[in-house]
Structure formats: structure tokens, C-alpha cells
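K.L.:
For reference, the structure I am asking about is given below.
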Amino acid sequence: MHGIAALNLALEGDELELELDSPAANIVGFEHAPSSADDHAALDTAVATLRDGDRLFRFNDEAGCRMESAEVSSELLDDDHEDHDDHQKHAGHEAHEAHSDAEPEGHQDEEHAHAGEAHSDIEAAYHFECEAPDKLTQLTVELFEAFSGMEKIEVQYVIESKQGAAELTAKDHVVKF
């Protein structure tokens, strides 16, 4: 759904994992394969911004959490590799032709999504290490500032034996654990 993203957080020991899943429209303003220089530039800028996890996700200082790695993935990024993409489209098209009578309607919609006609998501995975994980009390999410299409983020977290959920907006973008 446009404007809404999901953020999952898990802390085990001193290892903290964050996973963001968002419709591409929230982040780059479109969900089709990049077709112009402006589209490619917007996608490149968005990926660079998403890779800056220390800027997008700030933990309370006492916990001493630092980003160790970030990975960004999306069907939109696959389109930069035409040979691979063409092979996937061809294989997917054959599979679709062979099984279209037996597949539920939702799967057909998925095939159209891969052709650039429907929704594309952008996922990002972050790995942080925390010096004092027992002192982790809050997370400030700066995605609203970075991406104007972001309206609401549904957060789920598991921190050792504590779990919970929160709904963030631009005006209320801090999760307290």
C-alpha cells in the first residue's frame, strides 16, 4: 500500500538486525522499471540514501550501536542487468503460459508486476552491533525526512525477551522499547 512501509527489528546478544520493506513509490516516487535518466538518478540516489543506515536509524547513545552492513534489493535494480532480466522474463512468461489455467488470479497479477505494470518493493537489510545492548531503549527513524512518499511505518521488534509493535509517522518517529 502506498505510503506505508514495514520495519522489523531483532536484537540478539549484541547483534541488531533491521529489515525495511516498502513500496518503491514511497522511496523513488514510481514503481515501474526506470526508463529515463531521471528515473535512474532517483533510484541511484535512493539506494545511496538507504545504504546510510547510521543516518536513517539512530539508537540512544548509551547502547553504542553502529552499522556494520546494509543491503538494498528491489526488482527495479534487477532491470539494470538486462541479460539476466530478459532471461527471467522469458522463463517467467513460459511458466505463465504453461500454467495460467491452473493458477489463481493473484498469481497472474504477480506476473504483471514483474512486467513493470504493478507494484514493486524496495527492501533494505541492516546489521548493527551494539556495545551495550542492555541499554537499548529507543530508535529514532529518519525515513520520513529522507523520503517524502513515506507516510506511515509499521514497526515490529523483538529485543531479547521483550517484543512489541509501533506505528510511526513523520510527527511521531521514535520507538521506545
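How things are named: the first chain in the C-alpha cells is A, the next is B, and so on; residues count from 1 in each chain; ligands count from 1 in the order shown.
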Neighbouring residues of range 60-72 of chain A were defined as those with any atom within 6 Å, considering only C-alpha atoms; residues of the same chain fewer than 6 positions away were excluded. Please report them as a list in words.
P.N.:
Arg51, Asp54, Glu123, Ala124, Ala125, Tyr126, His127, Phe128, Glu129, Cys130, Glu131, Ala132, Pro133, Lys135, Leu136 and Gln138 of chain A
K.L.:
List the neighbours of Arg58 in chain A out to 8 Å using only C-alpha atoms; skip same-chain residues closer than 5 positions along the sequence, and give me the result as a list in words.
P.N.:
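So, after excluding close chain neighbours, the residues are Leu139, Thr140, Val141 and Glu142 of chain A.
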K.L.:
Store the residues picked out above in a file with all heavy atoms, as a PDB file, in the first residue's frame.
P.N.:
ATOM      1  N   LEU A 139      14.679   3.896  19.338  1.00  0.00           N
ATOM      2  CA  LEU A 139      15.114   4.011  17.952  1.00  0.00           C
ATOM      3  C   LEU A 139      14.397   5.208  17.338  1.00  0.00           C
ATOM      4  O   LEU A 139      13.167   5.306  17.409  1.00  0.00           O
ATOM      5  CB  LEU A 139      14.755   2.730  17.175  1.00  0.00           C
ATOM      6  CG  LEU A 139      14.781   2.807  15.648  1.00  0.00           C
ATOM      7  CD1 LEU A 139      16.191   3.074  15.133  1.00  0.00           C
ATOM      8  CD2 LEU A 139      14.217   1.531  15.048  1.00  0.00           C
ATOM      9  N   THR A 140      15.177   6.104  16.748  1.00  0.00           N
ATOM     10  CA  THR A 140      14.612   7.232  16.006  1.00  0.00           C
ATOM     11  C   THR A 140      14.759   6.911  14.520  1.00  0.00           C
ATOM     12  O   THR A 140      15.851   6.617  14.046  1.00  0.00           O
ATOM     13  CB  THR A 140      15.357   8.539  16.342  1.00  0.00           C
ATOM     14  OG1 THR A 140      15.276   8.758  17.750  1.00  0.00           O
ATOM     15  CG2 THR A 140      14.743   9.722  15.600  1.00  0.00           C
ATOM     16  N   VAL A 141      13.639   6.938  13.806  1.00  0.00           N
ATOM     17  CA  VAL A 141      13.605   6.571  12.392  1.00  0.00           C
ATOM     18  C   VAL A 141      13.501   7.848  11.556  1.00  0.00           C
ATOM     19  O   VAL A 141      12.537   8.599  11.683  1.00  0.00           O
ATOM     20  CB  VAL A 141      12.417   5.623  12.107  1.00  0.00           C
ATOM     21  CG1 VAL A 141      12.336   5.281  10.637  1.00  0.00           C
ATOM     22  CG2 VAL A 141      12.533   4.361  12.960  1.00  0.00           C
ATOM     23  N   GLU A 142      14.502   8.068  10.698  1.00  0.00           N
ATOM     24  CA  GLU A 142      14.557   9.289   9.879  1.00  0.00           C
ATOM     25  C   GLU A 142      14.132   9.050   8.432  1.00  0.00           C
ATOM     26  O   GLU A 142      14.472   9.830   7.553  1.00  0.00           O
ATOM     27  CB  GLU A 142      15.979   9.869   9.927  1.00  0.00           C
ATOM     28  CG  GLU A 142      16.456  10.238  11.312  1.00  0.00           C
ATOM     29  CD  GLU A 142      15.676  11.366  11.977  1.00  0.00           C
ATOM     30  OE1 GLU A 142      14.780  11.964  11.323  1.00  0.00           O
ATOM     31  OE2 GLU A 142      15.943  11.645  13.146  1.00  0.00           O
TER      32      GLU A 142
END
K.L.:
Using CA of Asn8 in chain A and CA of Val155 in chain A as the two end points, give the distance in Å to one decimal.
P.N.:
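Taking CA of Asn8 in chain A and CA of Val155 in chain A, their separation equals 5.7 Å.
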K.L.:
Which is closer to Ala165 in chain A than all the others in A:Leu56, A:Ala46, A:Ala6, A:Leu77, using only C-alpha atoms?
P.N.:
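Looking at the shortest contact to Ala165 in chain A, the residue is A:Ala6.
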K.L.:
CA of Asp52 in chain A to CA of Gly149 in chain A: how many Å, to one decimal?
P.N.:
18.2 Å
K.L.:
Take CA of Leu168 in chain A and CA of Pro23 in chain A and report the distance between them in Å, one decimal.
P.N.:
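Spanning CA of Leu168 in chain A to CA of Pro23 in chain A is a straight-line distance of 16.2 Å.
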K.L.:
Within 9 Å of Thr45 in chain A, counting only C-alpha atoms, which residues show up once you throw out same-chain ones fewer than 5 positions away? Write them as a ChimeraX atom specification, please.
P.N.:
/A:28,40,50
K.L.:
Rank nothing, just name the residue among A:Leu16, A:Leu76, A:Val158, A:Ile27 nearest to Phe57 in chain A, using only C-alpha atoms.
P.N.:
A:Leu16
K.L.:
Got a sec: who's within 9 Å of Leu7 in chain A, counting only C-alpha atoms, leaving out chain neighbours fewer than 3 positions off, as a compact mmCIF listing (two decimals) with N, CA and C atoms, in the first residue's frame?
P.N.:
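For reference, selection_27.txt as written:
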# COMPACT_ATOMS: atom_id res chain seq x y z
N LEU A 18 17.87 -5.02 11.27
CA LEU A 18 16.70 -4.23 10.86
C LEU A 18 16.37 -4.62 9.42
N GLU A 19 15.08 -4.79 9.14
CA GLU A 19 14.64 -5.06 7.77
C GLU A 19 13.52 -4.10 7.42
N LEU A 20 13.70 -3.39 6.33
CA LEU A 20 12.72 -2.44 5.82
C LEU A 20 12.13 -3.00 4.54
N ASP A 21 10.81 -2.95 4.42
CA ASP A 21 10.11 -3.37 3.20
C ASP A 21 9.12 -2.27 2.86
N SER A 22 9.31 -1.67 1.69
CA SER A 22 8.47 -0.53 1.31
C SER A 22 8.12 -0.58 -0.17
N ILE A 153 5.01 3.98 9.03
CA ILE A 153 5.86 2.81 9.12
C ILE A 153 5.35 1.94 10.26
N GLU A 154 5.05 0.70 9.94
CA GLU A 154 4.60 -0.25 10.94
C GLU A 154 5.82 -1.03 11.43
N VAL A 155 6.16 -0.84 12.70
CA VAL A 155 7.36 -1.42 13.28
C VAL A 155 6.99 -2.61 14.16
N GLN A 156 7.75 -3.68 14.03
CA GLN A 156 7.65 -4.81 14.95
C GLN A 156 9.05 -5.06 15.47
N TYR A 157 9.16 -5.32 16.78
CA TYR A 157 10.50 -5.54 17.33
C TYR A 157 10.51 -6.69 18.32
K.L.:
So, with only C-alpha atoms as the atoms that count, which of A:Ala33, A:Val175, A:Met150, A:Ala42 lies closest to Gln163 in chain A?
P.N.:
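Using only C-alpha atoms, the shortest distance to Gln163 in chain A belongs to A:Val175.
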K.L.:
Would you please work out which residue, of A:His119, A:His32, A:Lys162, A:Arg55, is nearest to Leu9 in chain A when using only C-alpha atoms?
P.N.:
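Closest to Leu9 in chain A, using only C-alpha atoms: A:Lys162.
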